[in-house]
>>> print(open('structure.cif').read())   # mmCIF, C-alpha atoms
data_entry
#
loop_
_atom_site.label_atom_id
_atom_site.label_comp_id
_atom_site.auth_asym_id
_atom_site.auth_seq_id
_atom_site.Cartn_x
_atom_site.Cartn_y
_atom_site.Cartn_z
CA MET A 1 -15.09 -55.20 -0.61
CA LEU A 2 -11.49 -54.35 -1.32
CA PHE A 3 -12.41 -50.73 -1.86
CA ARG A 4 -14.37 -50.58 1.41
CA ALA A 5 -11.33 -51.98 3.26
CA TRP A 6 -9.08 -49.38 1.60
CA LEU A 7 -11.58 -46.68 2.56
CA MET A 8 -11.52 -47.71 6.21
CA MET A 9 -7.72 -47.76 6.24
CA THR A 10 -7.25 -44.35 4.62
CA SER A 11 -9.90 -42.39 6.49
CA SER A 12 -8.61 -40.96 9.73
CA PRO A 13 -10.80 -39.84 12.65
CA ARG A 14 -10.43 -36.22 11.50
CA THR A 15 -11.27 -36.85 7.85
CA ARG A 16 -14.10 -39.27 7.84
CA LEU A 17 -14.96 -40.49 4.38
CA GLU A 18 -18.29 -41.76 3.31
CA LEU A 19 -18.83 -44.22 0.48
CA ARG A 20 -21.43 -43.05 -2.05
CA CYS A 21 -22.63 -44.66 -5.24
CA ILE A 22 -23.44 -42.28 -8.09
CA SER A 23 -24.51 -43.85 -11.41
CA GLY A 24 -22.80 -47.09 -10.59
CA VAL A 25 -19.55 -45.39 -9.57
CA PHE A 26 -18.47 -45.52 -5.94
CA LEU A 27 -16.95 -42.33 -4.59
CA ALA A 28 -15.28 -41.62 -1.29
CA VAL A 29 -16.45 -38.18 -0.16
CA PRO A 30 -15.97 -36.40 3.15
CA GLU A 31 -18.77 -36.78 5.62
CA THR A 32 -21.05 -33.80 5.97
CA ARG A 33 -22.03 -34.27 9.58
CA VAL A 34 -21.94 -31.20 11.78
CA THR A 35 -21.07 -31.60 15.43
CA LYS A 36 -22.86 -29.90 18.31
CA SER A 37 -19.76 -27.90 19.21
CA GLN A 38 -19.57 -26.52 15.66
CA LEU A 39 -23.21 -25.49 15.87
CA ARG A 40 -22.64 -23.87 19.26
CA ASN A 41 -19.67 -21.87 17.92
CA VAL A 42 -21.65 -20.62 14.94
CA TYR A 43 -24.59 -19.75 17.18
CA ARG A 44 -22.35 -17.78 19.57
CA LYS A 45 -20.76 -15.88 16.70
CA LEU A 46 -24.15 -15.01 15.24
CA GLU A 47 -25.41 -13.88 18.66
CA SER A 48 -22.39 -11.61 19.13
CA ASP A 49 -22.95 -10.17 15.63
CA VAL A 50 -26.59 -9.44 16.49
CA GLN A 51 -25.57 -7.75 19.75
CA SER A 52 -22.95 -5.57 18.04
CA SER A 53 -25.45 -4.64 15.32
CA LYS A 54 -27.99 -3.63 17.97
CA ARG A 55 -25.36 -1.48 19.73
CA ARG A 56 -24.44 0.17 16.44
CA LEU A 57 -28.12 0.84 15.70
CA THR A 58 -28.64 2.57 19.05
CA GLU A 59 -25.43 4.61 18.55
CA LEU A 60 -26.56 5.75 15.11
CA THR A 61 -30.06 6.54 16.34
CA ASP A 62 -28.64 8.66 19.18
CA GLN A 63 -26.30 10.40 16.75
CA CYS A 64 -29.21 11.13 14.39
CA ASN A 65 -31.30 12.57 17.24
CA ALA A 66 -28.36 14.71 18.37
CA LEU A 67 -27.96 16.10 14.86
CA LYS A 68 -31.66 16.94 14.69
CA LYS A 69 -31.31 19.24 17.72
CA GLY A 70 -31.01 22.81 16.54
CA ARG A 71 -32.70 22.02 13.25
CA GLU A 72 -36.22 22.40 14.44
CA GLU A 73 -38.44 24.41 12.13
CA SER A 74 -38.38 28.08 13.15
CA ASP A 75 -38.59 31.49 11.53
CA GLU A 76 -34.86 32.09 12.06
CA ARG A 77 -33.94 28.81 10.40
CA GLU A 78 -36.25 29.42 7.42
CA GLU A 79 -34.80 32.91 7.01
CA ALA A 80 -31.25 31.55 7.15
CA LEU A 81 -32.10 28.86 4.58
CA SER A 82 -33.65 31.42 2.23
CA ASN A 83 -30.54 33.63 2.59
CA LEU A 84 -28.37 30.63 1.85
CA LYS A 85 -30.39 29.87 -1.27
CA LYS A 86 -30.04 33.49 -2.46
CA VAL A 87 -26.30 33.43 -1.90
CA GLU A 88 -25.99 30.14 -3.82
CA GLU A 89 -28.00 31.59 -6.73
CA LYS A 90 -25.79 34.71 -6.79
CA TYR A 91 -22.69 32.51 -6.72
CA ASN A 92 -23.95 30.46 -9.69
CA GLU A 93 -24.77 33.66 -11.63
CA LEU A 94 -21.27 35.04 -11.01
CA LYS A 95 -19.72 31.70 -11.96
CA ASP A 96 -21.66 31.70 -15.25
CA GLU A 97 -20.58 35.28 -15.93
CA MET A 98 -16.95 34.32 -15.30
CA ALA A 99 -17.32 31.48 -17.79
CA GLU A 100 -18.47 34.01 -20.41
CA TYR A 101 -15.27 36.01 -19.92
CA ALA A 102 -12.99 32.95 -19.88
CA ASP A 103 -11.98 33.59 -23.51
CA ASN A 104 -10.58 36.98 -22.48
CA ASP A 105 -8.55 35.57 -19.63
CA PRO A 106 -4.97 36.93 -19.86
CA ALA A 107 -3.47 33.64 -18.68
CA ALA A 108 -5.43 31.67 -21.31
CA PHE A 109 -4.44 34.21 -23.96
CA GLU A 110 -0.77 33.86 -23.03
CA ALA A 111 -1.08 30.06 -23.11
CA MET A 112 -2.56 30.30 -26.63
CA LYS A 113 0.36 32.49 -27.72
CA ASN A 114 2.84 29.95 -26.39
CA ALA A 115 0.97 27.11 -28.12
CA ILE A 116 1.12 29.03 -31.41
CA LEU A 117 4.89 29.46 -31.05
CA VAL A 118 5.35 25.77 -30.35
CA ALA A 119 3.17 24.78 -33.31
CA HIS A 120 5.06 27.20 -35.61
CA ALA A 121 8.42 25.76 -34.56
CA ALA A 122 7.13 22.21 -35.06
CA ALA A 123 5.80 22.99 -38.55
CA ASN A 124 9.11 24.51 -39.60
CA ARG A 125 10.98 21.56 -38.13
CA TRP A 126 8.87 19.16 -40.21
CA THR A 127 9.40 21.28 -43.31
CA ASP A 128 13.13 21.14 -42.70
CA ASN A 129 12.91 17.36 -42.31
CA ILE A 130 11.06 17.11 -45.63
CA PHE A 131 13.73 19.17 -47.41
CA THR A 132 16.47 17.07 -45.84
CA LEU A 133 14.75 13.83 -46.90
CA ARG A 134 14.27 15.10 -50.47
CA GLN A 135 17.95 16.02 -50.71
CA TRP A 136 19.04 12.66 -49.27
CA CYS A 137 16.80 10.76 -51.72
CA SER A 138 18.07 12.76 -54.72
CA ASN A 139 21.71 12.25 -53.66
CA ASN A 140 21.35 8.50 -53.03
CA PHE A 141 18.93 7.69 -55.88
CA PRO A 142 19.77 10.02 -58.78
CA GLU A 143 18.41 7.54 -61.34
CA ALA A 144 14.92 7.63 -59.75
CA LYS A 145 14.49 11.40 -59.90
CA GLU A 146 11.27 11.29 -61.96
CA GLN A 147 9.71 8.62 -59.72
CA LEU A 148 10.60 10.61 -56.61
CA GLU A 149 9.11 13.80 -58.06
CA HIS A 150 5.93 11.92 -58.94
CA MET A 151 5.77 10.52 -55.38
CA TYR A 152 6.30 13.99 -53.89
CA GLN A 153 3.40 15.31 -56.02
CA GLU A 154 1.17 12.44 -54.84
CA VAL A 155 1.72 13.15 -51.18
CA GLY A 156 1.37 16.90 -51.60
CA ILE A 157 5.00 18.04 -51.52
CA THR A 158 5.08 20.64 -54.27
CA ASP A 159 7.73 23.12 -55.37
CA ASP A 160 5.95 25.94 -53.57
CA LEU A 161 6.47 24.25 -50.16
CA ASP A 162 8.31 26.69 -47.93
CA TYR A 163 8.91 27.52 -44.29
CA LEU A 164 6.14 29.27 -42.35
CA GLU A 165 6.68 32.87 -41.33
CA MET A 166 5.23 34.30 -38.15
CA SER A 167 2.84 37.10 -38.85
CA THR A 168 2.75 39.89 -36.34
CA PRO A 169 -0.61 41.08 -35.00
CA GLY A 170 -2.10 43.82 -37.11
CA ASN A 171 -0.63 42.58 -40.44
#
>>> encode(input="structure.cif", output="structure tokens")
Amino acid sequence: MLFRAWLMMTSSPRTRLELRCISGVFLAVPETRVTKSQLRNVYRKLESDVQSSKRRLTELTDQCNALKKGREESDEREEALSNLKKVEEKYNELKDEMAEYADNDPAAFEAMKNAILVAHAAANRWTDNIFTLRQWCSNNFPEAKEQLEHMYQEVGITDDLDYLEMSTPGN
């Protein structure tokens, strides 16, 4: 009874609460009643949506019919379509032929030359870094010379490591 009195005091006219018993526990939940004005508003909105959808349908149907004009089957149209198909086939053939010659493209060849120069400079830079690191290690750790040499051999740094030289074409 105390709970029912509290429920009546806390529920306002706008937020009506309903007392429900679920598994022996009483809960105060909002009422789920729908008023006639709410139903009317939803109905009006749905009606306006239906009307706008019908208008859109007629607009699209008219647009479709207008686009069909001039596309009637005729000898001229079929001839134009066959010419278009021939032109597209020729275009695809030429595109495939261009792809075959892409390796001989002067711009691609020049880009490959530039990439080779960059790679050569990077390899020599790394070689220089390796020599600098070896010298630093031997200067700072002279007592570990044998261990360092063994480590260099393990990772592939041998005595025949040297800078790369650019070969000129034809050599």
>>> resolve_selection(input="structure.cif", expression="the PyMOL selection byres ((chain A and resi 114-128) around 10)", output="compact mmCIF listing (two decimals) with C-alpha atoms, in the coordinates of the input")
# COMPACT_ATOMS: atom_id res chain seq x y z
CA ALA A 108 -5.43 31.67 -21.31
CA PHE A 109 -4.44 34.21 -23.96
CA GLU A 110 -0.77 33.86 -23.03
CA ALA A 111 -1.08 30.06 -23.11
CA MET A 112 -2.56 30.30 -26.63
CA LYS A 113 0.36 32.49 -27.72
CA ASN A 129 12.91 17.36 -42.31
CA ILE A 130 11.06 17.11 -45.63
CA PHE A 131 13.73 19.17 -47.41
CA THR A 132 16.47 17.07 -45.84
CA LEU A 133 14.75 13.83 -46.90
CA ARG A 134 14.27 15.10 -50.47
CA ILE A 157 5.00 18.04 -51.52
CA LEU A 161 6.47 24.25 -50.16
CA ASP A 162 8.31 26.69 -47.93
CA TYR A 163 8.91 27.52 -44.29
CA LEU A 164 6.14 29.27 -42.35
CA GLU A 165 6.68 32.87 -41.33
CA MET A 166 5.23 34.30 -38.15
>>> atom_distance(input="structure.cif", atom1="atom CA of Thr58 of chain A", atom2="atom CA of Ser74 of chain A")
27.9 Å
>>> atom_distance(input="structure.cif", atom1="atom CA of Leu148 of chain A", atom2="atom CA of Gln135 of chain A")
10.9 Å
>>> build_atoms(input="structure.cif", residues="segment 121-134 of chain A", atoms="N, CA, C and O atoms", output="short mmCIF file (atom, residue, chain, number, x, y, z; two decimals), keeping the file's coordinate frame")
data_model
loop_
_atom_site.label_atom_id
_atom_site.label_comp_id
_atom_site.auth_asym_id
_atom_site.auth_seq_id
_atom_site.Cartn_x
_atom_site.Cartn_y
_atom_site.Cartn_z
N ALA A 121 7.10 26.39 -34.56
CA ALA A 121 8.42 25.76 -34.56
C ALA A 121 8.33 24.31 -35.04
O ALA A 121 9.20 23.84 -35.79
N ALA A 122 7.28 23.61 -34.64
CA ALA A 122 7.13 22.21 -35.06
C ALA A 122 6.89 22.11 -36.56
O ALA A 122 7.44 21.24 -37.24
N ALA A 123 6.07 23.02 -37.11
CA ALA A 123 5.80 22.99 -38.55
C ALA A 123 7.07 23.26 -39.34
O ALA A 123 7.35 22.59 -40.35
N ASN A 124 7.86 24.23 -38.90
CA ASN A 124 9.11 24.51 -39.60
C ASN A 124 10.11 23.37 -39.46
O ASN A 124 10.88 23.08 -40.37
N ARG A 125 10.10 22.71 -38.32
CA ARG A 125 10.98 21.56 -38.13
C ARG A 125 10.61 20.44 -39.10
O ARG A 125 11.47 19.81 -39.72
N TRP A 126 9.32 20.18 -39.28
CA TRP A 126 8.87 19.16 -40.21
C TRP A 126 9.20 19.56 -41.65
O TRP A 126 9.59 18.72 -42.47
N THR A 127 9.04 20.82 -41.96
CA THR A 127 9.40 21.28 -43.31
C THR A 127 10.88 21.06 -43.56
O THR A 127 11.28 20.60 -44.63
N ASP A 128 11.70 21.37 -42.58
CA ASP A 128 13.13 21.14 -42.70
C ASP A 128 13.43 19.65 -42.88
O ASP A 128 14.28 19.27 -43.69
N ASN A 129 12.72 18.81 -42.15
CA ASN A 129 12.91 17.36 -42.31
C ASN A 129 12.53 16.90 -43.71
O ASN A 129 13.19 16.04 -44.29
N ILE A 130 11.47 17.48 -44.27
CA ILE A 130 11.06 17.11 -45.63
C ILE A 130 12.14 17.51 -46.63
O ILE A 130 12.51 16.72 -47.51
N PHE A 131 12.67 18.73 -46.50
CA PHE A 131 13.73 19.17 -47.41
C PHE A 131 14.97 18.29 -47.28
O PHE A 131 15.59 17.93 -48.29
N THR A 132 15.31 17.93 -46.06
CA THR A 132 16.47 17.07 -45.84
C THR A 132 16.25 15.69 -46.46
O THR A 132 17.16 15.13 -47.11
N LEU A 133 15.06 15.14 -46.32
CA LEU A 133 14.75 13.83 -46.90
C LEU A 133 14.77 13.88 -48.42
O LEU A 133 15.30 12.98 -49.08
N ARG A 134 14.24 14.96 -49.01
CA ARG A 134 14.27 15.10 -50.47
C ARG A 134 15.71 15.15 -50.97
O ARG A 134 16.05 14.51 -51.97
#
